[in-house]
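Okay, data.cif is below, mmCIF, C-alpha atoms:
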```
data_structure
#
loop_
_atom_site.label_atom_id
_atom_site.label_comp_id
_atom_site.auth_asym_id
_atom_site.auth_seq_id
_atom_site.Cartn_x
_atom_site.Cartn_y
_atom_site.Cartn_z
CA MET Z 1 118.60 120.41 97.91
CA SER Z 2 118.88 121.95 94.44
CA LEU Z 3 115.74 122.72 92.47
CA GLY Z 4 116.81 120.23 89.82
CA SER Z 5 117.10 117.30 92.20
CA TYR Z 6 113.83 118.25 93.88
CA PHE Z 7 112.01 118.02 90.56
CA ALA Z 8 113.77 114.76 89.66
CA TYR Z 9 112.66 113.17 92.95
CA LEU Z 10 109.18 114.63 92.54
CA LEU Z 11 108.83 113.27 89.01
CA VAL Z 12 109.90 109.77 90.06
CA MET Z 13 107.69 109.74 93.16
CA ALA Z 14 104.55 111.09 91.50
CA GLY Z 15 105.17 109.05 88.34
CA VAL Z 16 105.50 105.75 90.19
CA ALA Z 17 102.58 106.58 92.49
CA TYR Z 18 100.35 107.31 89.48
CA LEU Z 19 101.42 104.38 87.31
CA VAL Z 20 101.07 101.87 90.15
CA ARG Z 21 97.46 102.99 90.49
CA ALA Z 22 96.62 103.59 86.83
CA ILE Z 23 98.09 100.61 84.98
CA PRO Z 24 95.95 97.93 86.67
CA PHE Z 25 92.89 100.17 86.49
CA LEU Z 26 93.35 100.78 82.76
CA ALA Z 27 94.51 97.29 81.85
CA ILE Z 28 92.13 95.01 83.76
CA ARG Z 29 88.66 95.70 82.42
CA LYS Z 30 87.01 92.30 82.36
CA LYS Z 31 85.20 91.03 85.40
CA ILE Z 32 87.42 88.60 87.28
CA GLN Z 33 85.54 85.34 87.87
CA ASN Z 34 88.11 83.41 89.90
CA ARG Z 35 86.83 83.11 93.45
CA PHE Z 36 90.27 82.91 95.07
CA ILE Z 37 91.50 86.04 93.29
CA ASN Z 38 88.32 87.93 94.13
CA SER Z 39 88.60 86.89 97.78
CA PHE Z 40 92.29 87.79 97.85
CA MET Z 41 91.49 91.25 96.51
CA PHE Z 42 88.74 91.63 99.09
CA TYR Z 43 91.18 90.94 101.95
CA ILE Z 44 94.36 92.65 100.72
CA PRO Z 45 93.59 96.25 101.74
CA TYR Z 46 92.73 95.23 105.28
CA ALA Z 47 95.76 92.95 105.52
CA VAL Z 48 98.13 95.66 104.27
CA LEU Z 49 96.68 98.39 106.49
CA SER Z 50 96.84 96.09 109.52
CA ALA Z 51 100.49 95.27 108.87
CA MET Z 52 101.26 98.97 108.40
CA THR Z 53 99.48 99.98 111.61
CA PHE Z 54 100.74 97.37 114.08
CA PRO Z 55 103.20 97.50 115.71
CA ALA Z 56 104.29 100.82 114.07
CA ILE Z 57 101.51 102.77 115.83
CA PHE Z 58 103.24 102.29 119.18
CA GLU Z 59 106.24 104.23 117.94
CA SER Z 60 104.27 107.02 116.29
CA THR Z 61 104.19 109.53 119.14
CA GLY Z 62 107.54 109.48 120.85
CA SER Z 63 106.18 107.60 123.89
CA THR Z 64 104.83 104.04 123.95
CA LEU Z 65 102.45 104.88 126.79
CA SER Z 66 100.73 107.79 125.04
CA ALA Z 67 100.64 105.80 121.78
CA ALA Z 68 98.97 102.91 123.62
CA ALA Z 69 96.34 105.27 125.03
CA GLY Z 70 95.64 106.65 121.55
CA THR Z 71 95.48 103.15 120.10
CA VAL Z 72 93.04 101.83 122.69
CA LEU Z 73 90.72 104.79 122.23
CA ALA Z 74 90.88 104.51 118.42
CA VAL Z 75 89.98 100.80 118.59
CA ILE Z 76 87.09 101.39 121.01
CA LEU Z 77 85.63 104.24 118.95
CA ALA Z 78 85.99 102.28 115.71
CA LEU Z 79 84.21 99.34 117.36
CA CYS Z 80 81.41 101.73 118.33
CA GLY Z 81 81.05 102.70 114.67
CA GLN Z 82 82.44 106.23 114.88
CA ASN Z 83 83.67 107.73 111.61
CA LEU Z 84 87.23 108.31 110.44
CA LEU Z 85 87.47 111.87 111.64
CA VAL Z 86 86.16 111.24 115.15
CA VAL Z 87 88.51 108.28 115.55
CA ALA Z 88 91.56 110.22 114.29
CA LEU Z 89 90.97 113.35 116.36
CA ALA Z 90 90.02 111.51 119.55
CA SER Z 91 93.12 109.37 119.22
CA CYS Z 92 95.32 112.47 118.83
CA ALA Z 93 93.59 114.02 121.86
CA ALA Z 94 94.22 110.91 123.94
CA VAL Z 95 97.92 111.01 123.03
CA PHE Z 96 98.12 114.70 123.86
CA LEU Z 97 96.39 114.36 127.22
CA THR Z 98 98.41 111.30 128.21
CA GLY Z 99 101.54 113.26 127.37
CA LEU Z 100 100.43 116.11 129.61
CA ILE Z 101 99.67 113.87 132.59
CA PHE Z 102 102.65 111.51 132.54
CA MET C 1 75.55 92.00 89.56
CA ASP C 2 77.28 91.67 86.22
CA ASN C 3 74.90 94.01 84.45
CA TRP C 4 75.58 97.22 86.28
CA THR C 5 74.64 100.29 84.34
CA HIS C 6 74.60 103.62 86.15
CA SER C 7 75.44 104.03 89.78
CA SER C 8 72.77 105.69 91.87
CA LEU C 9 75.44 107.33 94.01
CA SER C 10 75.67 111.06 93.30
CA LEU C 11 78.44 113.66 93.42
CA LYS C 12 76.79 115.12 96.50
CA GLU C 13 76.86 111.81 98.33
CA GLY C 14 80.52 111.55 97.40
CA LEU C 15 81.28 114.95 98.88
CA LYS C 16 79.44 113.98 102.04
CA ASP C 17 81.39 110.72 102.37
CA GLY C 18 84.65 112.52 101.55
CA LEU C 19 84.31 115.20 104.22
CA ALA C 20 85.46 113.01 107.09
CA ILE C 21 88.40 111.74 105.03
CA GLY C 22 89.44 115.26 104.05
CA LEU C 23 89.33 116.48 107.63
CA GLY C 24 91.11 113.33 108.83
CA TYR C 25 93.88 113.85 106.28
CA PHE C 26 94.65 117.32 107.56
CA PRO C 27 96.58 116.37 110.72
CA VAL C 28 98.42 113.56 108.90
CA SER C 29 99.64 115.75 106.06
CA PHE C 30 100.26 118.57 108.55
CA THR C 31 102.80 116.20 110.12
CA PHE C 32 104.26 115.56 106.67
CA GLY C 33 104.62 119.32 106.15
CA ILE C 34 106.54 119.68 109.43
CA LEU C 35 108.92 116.83 108.56
CA ALA C 36 109.42 118.01 104.96
CA VAL C 37 110.49 121.49 106.06
CA GLY C 38 112.71 119.89 108.69
CA GLN C 39 114.43 117.97 105.87
CA GLY C 40 115.12 121.16 103.92
CA LEU C 41 112.16 121.40 101.54
CA SER C 42 110.46 124.77 101.14
CA TRP C 43 106.76 125.21 101.85
CA TRP C 44 105.77 125.16 98.17
CA GLN C 45 107.94 122.11 97.46
CA ALA C 46 106.29 120.16 100.27
CA THR C 47 102.79 121.26 99.24
CA PHE C 48 103.31 120.49 95.55
CA LEU C 49 104.67 117.06 96.51
CA SER C 50 101.52 116.28 98.50
CA LEU C 51 99.23 117.49 95.72
CA LEU C 52 100.90 115.31 93.08
CA ASN C 53 101.48 112.19 95.18
CA LEU C 54 98.51 111.81 97.48
CA THR C 55 100.18 108.86 99.21
CA SER C 56 100.66 108.78 102.94
CA ALA C 57 103.27 106.11 103.62
CA GLY C 58 104.88 106.68 100.20
CA GLN C 59 105.57 110.34 100.87
CA PHE C 60 107.02 109.71 104.33
CA ALA C 61 109.31 107.06 102.84
CA GLY C 62 110.26 109.37 99.95
CA LEU C 63 111.21 112.12 102.35
CA ASP C 64 113.75 109.84 104.04
CA ILE C 65 115.35 109.04 100.70
CA MET C 66 115.58 112.71 99.73
CA ALA C 67 117.13 113.53 103.09
CA GLN C 68 119.77 110.83 102.61
CA GLY C 69 120.39 111.90 99.01
CA GLY C 70 119.38 108.45 97.72
CA SER C 71 119.43 107.58 94.03
CA LEU C 72 116.40 107.91 91.77
CA ILE C 73 116.39 104.12 91.30
CA GLU C 74 116.13 103.64 95.05
CA MET C 75 113.34 106.21 95.13
CA ALA C 76 111.45 104.45 92.34
CA LEU C 77 111.81 101.00 93.94
CA THR C 78 110.73 102.19 97.36
CA GLN C 79 107.71 103.98 95.93
CA LEU C 80 106.82 100.87 93.97
CA VAL C 81 106.93 98.62 97.02
CA VAL C 82 105.23 100.98 99.45
CA ASN C 83 102.50 101.87 96.95
CA ILE C 84 101.91 98.50 95.28
CA ARG C 85 98.83 97.96 97.44
CA TYR C 86 97.15 100.69 95.37
CA SER C 87 97.40 98.38 92.33
CA LEU C 88 95.25 95.87 94.12
CA MET C 89 92.81 98.57 95.18
CA SER C 90 92.64 99.85 91.59
CA ILE C 91 91.73 96.38 90.37
CA VAL C 92 88.99 96.13 92.99
CA ILE C 93 87.54 99.53 92.10
CA GLY C 94 87.85 98.66 88.41
CA GLN C 95 85.58 95.70 89.11
CA LYS C 96 83.06 97.97 90.84
CA ALA C 97 83.21 100.79 88.29
CA ASP C 98 80.07 101.43 86.26
CA ASP C 99 79.86 102.78 82.71
CA THR C 100 80.22 106.43 83.75
CA THR C 101 83.92 105.73 84.29
CA ASP C 102 84.85 105.30 80.63
CA GLY C 103 87.09 107.42 78.39
CA TRP C 104 89.26 110.11 79.95
CA HIS C 105 87.55 109.52 83.29
CA ARG C 106 89.55 106.33 83.58
CA PHE C 107 92.78 108.31 83.65
CA LEU C 108 91.62 110.59 86.44
CA ILE C 109 90.18 108.00 88.83
CA PRO C 110 93.50 106.26 89.73
CA TYR C 111 95.09 109.55 90.79
CA THR C 112 92.95 109.66 93.94
CA MET C 113 93.17 105.96 94.82
CA THR C 114 94.09 106.16 98.50
CA ASP C 115 93.54 103.74 101.38
CA GLU C 116 90.69 105.75 102.81
CA ILE C 117 88.93 106.67 99.55
CA PHE C 118 89.22 103.06 98.50
CA GLY C 119 87.95 101.87 101.88
CA VAL C 120 84.82 103.98 101.65
CA ALA C 121 84.10 103.25 97.98
CA ALA C 122 84.76 99.52 98.35
CA GLY C 123 82.43 99.43 101.36
CA LYS C 124 79.52 100.72 99.26
CA GLY C 125 77.33 97.82 98.34
CA GLN C 126 76.79 99.22 94.84
CA PRO C 127 78.73 100.14 91.71
CA VAL C 128 80.87 103.24 91.80
CA GLY C 129 80.48 105.91 89.13
CA PHE C 130 82.58 108.89 88.08
CA PRO C 131 80.39 111.60 89.73
CA TYR C 132 80.52 109.83 93.07
CA TRP C 133 84.27 109.25 92.79
CA VAL C 134 84.92 112.94 92.02
CA GLY C 135 82.77 113.95 94.98
CA LEU C 136 84.49 111.47 97.26
CA SER C 137 87.98 112.60 96.15
CA THR C 138 87.62 116.39 96.19
CA LEU C 139 87.76 117.15 99.91
CA PRO C 140 90.51 114.59 100.64
CA VAL C 141 92.72 116.16 97.93
CA ILE C 142 92.09 119.61 99.39
CA GLY C 143 92.58 118.38 102.97
CA TRP C 144 95.80 116.56 102.13
CA THR C 145 97.30 119.50 100.21
CA ALA C 146 96.14 122.18 102.66
CA GLY C 147 97.40 120.13 105.60
CA THR C 148 100.91 120.02 104.16
CA LEU C 149 100.78 123.74 103.38
CA ALA C 150 99.73 124.54 106.95
CA GLY C 151 102.24 122.13 108.47
CA SER C 152 105.14 123.49 106.44
CA LEU C 153 104.28 127.09 107.33
CA LEU C 154 103.19 126.69 110.96
CA GLY C 155 104.92 123.48 112.01
CA GLN C 156 107.97 125.19 113.44
CA VAL C 157 105.90 127.17 115.95
CA LEU C 158 103.83 124.16 117.04
CA PRO C 159 104.72 122.75 120.49
CA GLN C 160 106.47 119.35 120.36
CA ARG C 161 103.73 117.73 122.43
CA LEU C 162 101.12 118.70 119.86
CA SER C 163 103.10 117.49 116.85
CA ASP C 164 103.77 114.20 118.70
CA ALA C 165 100.01 113.78 119.15
CA LEU C 166 99.42 114.31 115.43
CA GLY C 167 101.81 111.46 114.66
CA ILE C 168 99.16 108.87 115.52
CA ALA C 169 96.46 110.31 113.22
CA LEU C 170 97.49 108.26 110.18
CA TYR C 171 97.32 104.98 112.09
CA ALA C 172 94.07 105.91 113.83
CA MET C 173 92.55 106.41 110.39
CA PHE C 174 93.73 102.98 109.31
CA ILE C 175 92.07 101.52 112.43
CA ALA C 176 88.85 103.32 111.50
CA ILE C 177 88.93 101.51 108.15
CA ILE C 178 89.82 97.96 109.17
CA ILE C 179 87.61 97.55 112.25
CA PRO C 180 84.26 98.44 110.63
CA ALA C 181 85.13 96.04 107.79
CA ALA C 182 85.78 93.29 110.33
CA LYS C 183 82.52 94.01 112.13
CA LYS C 184 80.68 93.72 108.84
CA TYR C 185 82.40 90.51 107.75
CA ARG C 186 83.92 88.42 110.50
CA PRO C 187 86.75 86.64 108.64
CA VAL C 188 88.40 90.08 108.30
CA TRP C 189 89.22 89.76 112.02
CA PHE C 190 91.30 86.71 111.21
CA CYS C 191 92.96 88.59 108.37
CA ILE C 192 93.89 91.46 110.72
CA VAL C 193 95.25 89.15 113.43
CA VAL C 194 97.43 87.19 110.99
CA ALA C 195 98.79 90.33 109.32
CA VAL C 196 99.59 91.94 112.67
CA ALA C 197 101.21 88.77 114.03
CA LEU C 198 103.45 88.58 110.95
CA ALA C 199 104.27 92.29 111.15
CA CYS C 200 105.29 91.80 114.80
CA LEU C 201 107.61 88.95 113.80
CA PHE C 202 109.26 91.20 111.24
CA HIS C 203 109.55 93.96 113.80
CA PHE C 204 110.95 92.05 116.75
CA ILE C 205 112.99 89.15 115.35
CA PRO C 206 116.53 90.42 114.75
CA PHE C 207 117.15 88.82 111.34
CA LEU C 208 113.70 89.66 109.96
CA SER C 209 113.77 93.23 111.25
CA SER C 210 116.47 94.09 108.72
CA VAL C 211 113.89 93.71 105.92
CA SER C 212 112.81 97.17 104.76
CA SER C 213 109.42 98.39 105.95
CA GLY C 214 108.01 98.47 102.42
CA PHE C 215 108.80 94.81 101.79
CA THR C 216 107.58 93.84 105.27
CA VAL C 217 104.15 95.29 104.50
CA ILE C 218 103.97 93.45 101.17
CA ILE C 219 105.02 90.09 102.65
CA CYS C 220 102.68 90.30 105.65
CA GLY C 221 99.76 91.69 103.67
CA VAL C 222 99.96 89.24 100.78
CA SER C 223 100.43 86.20 103.07
CA SER C 224 97.52 87.10 105.30
CA ALA C 225 95.17 87.93 102.42
CA ALA C 226 96.10 84.74 100.56
CA LEU C 227 95.56 82.62 103.68
CA CYS C 228 92.15 84.20 104.26
CA ALA C 229 91.14 83.84 100.61
CA TRP C 230 91.99 80.14 100.89
CA LEU C 231 90.34 79.52 104.29
CA PHE C 232 87.38 81.91 103.94
CA PRO C 233 86.58 82.50 100.28
CA VAL C 234 84.19 85.42 99.95
CA LYS C 235 80.84 84.88 98.27
CA GLU C 236 80.10 86.98 95.20
CA GLU C 237 77.33 88.96 96.92
CA GLU C 238 79.63 89.96 99.78
CA LEU C 239 82.34 91.51 97.61
#
```
Just give me the structure as structure tokens.
Amino acid sequence: MSLGSYFAYLLVMAGVAYLVRAIPFLAIRKKIQNRFINSFMFYIPYAVLSAMTFPAIFESTGSTLSAAAGTVLAVILALCGQNLLVVALASCAAVFLTGLIF
Amino acid sequence: MDNWTHSSLSLKEGLKDGLAIGLGYFPVSFTFGILAVGQGLSWWQATFLSLLNLTSAGQFAGLDIMAQGGSLIEMALTQLVVNIRYSLMSIVIGQKADDTTDGWHRFLIPYTMTDEIFGVAAGKGQPVGFPYWVGLSTLPVIGWTAGTLAGSLLGQVLPQRLSDALGIALYAMFIAIIIPAAKKYRPVWFCIVVAVALACLFHFIPFLSSVSSGFTVIICGVSSAALCAWLFPVKEEEL
């Protein structure tokens, strides 16, 4: 890829990523009183992350079996209240070990 | 709750909360570095891209478009769809922001709006100020950028089995965000189940599976959140 097209892609990517985050933050300053909208905003991150994670997680490692092992461990550790890092690393380790055994 | 003045959360607390995110980002962006170099980017191009974008799914999607030589319009649209959830997060954080976030601070805060930083900040039962936000963002930015740098330089010598294992890190992090939220507030379970069920429909049903992944996420996410907001409206003190 030429340097010119790299920078064009970069500009578009970073520009859109920033504006998508900044415009609502800069524009919406009043407290929103509507209960439905507030509830919707409360749920949306969890809904979006859930839809991004499942079922895509099962195709994230090259083998459904190892991905399933990593998923199960991640869910258990998250249920036990472990933090982000522990969950991520343990899940990777489970995938790696499953891959070694099977 | 409407008369928030200064947040009691300090820069130091932010750094502490951000440490786990920063370390968690490393393997994910390491994977991005490997893929980016595989698609013909140089190490500095990949690293610079991570530093300026700070989006997980957005960058992975962008890489595909670059590799296929897609148009800039296609790039812009894909980034818009994949990243639109950040708009909603920005609105939420805007509602929680105290008066230390005025002026030029307001232009800096959105740059580090990521799923994980949002998840931690939104989970704080108090207003969020600029010092805390800077603390919370610093290590994730470093972790994300350094991960890509390391991945683009070392990725080619990493055994396949190890880079496969790193592929799950992004999703494991998402799990570590959604499950604690559901434990804290039970209707979130319902929200997760509905979103996942819809995502499975879009994945497995032949006609629906032709919808691009960005749009799938928007449709499933918005439907599930709207349904939950209707069935289980959240009380002011729980937001």
From the list C:Ala150, C:Gly69, C:Ser8, C:Asp164, the nearest residue to Ser66 in chain Z using all atoms listed in the file is C:Asp164
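Checking C:Val82, C:Ala57, C:Arg186, C:Ser29 one by one against Gly221 in chain C, counting all atoms listed in the file, you find the shortest gap at C:Val82.
Candidate residues Z:Leu84, Z:Ile76, Z:Ala90, Z:Ala68 were compared for distance to chain C, and the nearest is Z:Leu84, using all atoms listed in the file.
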Name every residue that the PyMOL selection byres ((chain Z and resi 22-32) around 7) selects in this structure, writing the answer as a list in words with chains first and numbers rising.
-> Tyr18, Leu19, Val20, Arg21, Gln33, Asn34 and Asn38 of chain Z; Ser87, Ser90, Ile91, Gly94, Gln95, Arg106, Phe107 and Pro110 of chain C
Long-range neighbours of Val75 in chain Z as a list in words, 8 Å cut-off, all atoms listed in the file, 6 positions minimum in chain =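 These residues fall inside the cut-off: Ile175, Ala176 and Ile179 of chain C.
Separating CA of Val87 in chain Z from CA of Gly24 in chain C is a distance of 8.8 Å.
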Got a sec to resolve the PyMOL selection byres ((chain Z and resi 70) around 7) on this structure and send the residues as number ranges by chain?
-> Z: 66-69, 71-74, 91-92, 94-95
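Applying the 10 Å criterion to (103.1, 112.7, 119.2) in file coordinates and using only C-alpha atoms, one obtains the residues Glu59, Ser60, Thr61, Gly62, Ser63, Ser66, Ala67, Gly70, Cys92, Ala93, Val95, Phe96 and Gly99 of chain Z; Thr31, Gln160, Arg161, Leu162, Ser163, Asp164, Ala165, Leu166, Gly167, Ile168 and Ala169 of chain C.
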Check what the PyMOL selection byres ((chain C and resi 130) around 9) selects in the file above and give those residues as a PyMOL selection string.
-> chain C and resi 7+10-11+97-102+105-106+109+128-129+131-135
Computed interatomic separation between CA of Phe60 in chain C and CA of Phe32 in chain C (Å) =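 Pair CA of Phe60 in chain C / CA of Phe32 in chain C returns 6.9 Å.
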Which one is closest to Gln126 in chain C: C:Thr55, C:Ile192, C:Met75, C:Leu9? Count all atoms listed in the file.
-> C:Leu9
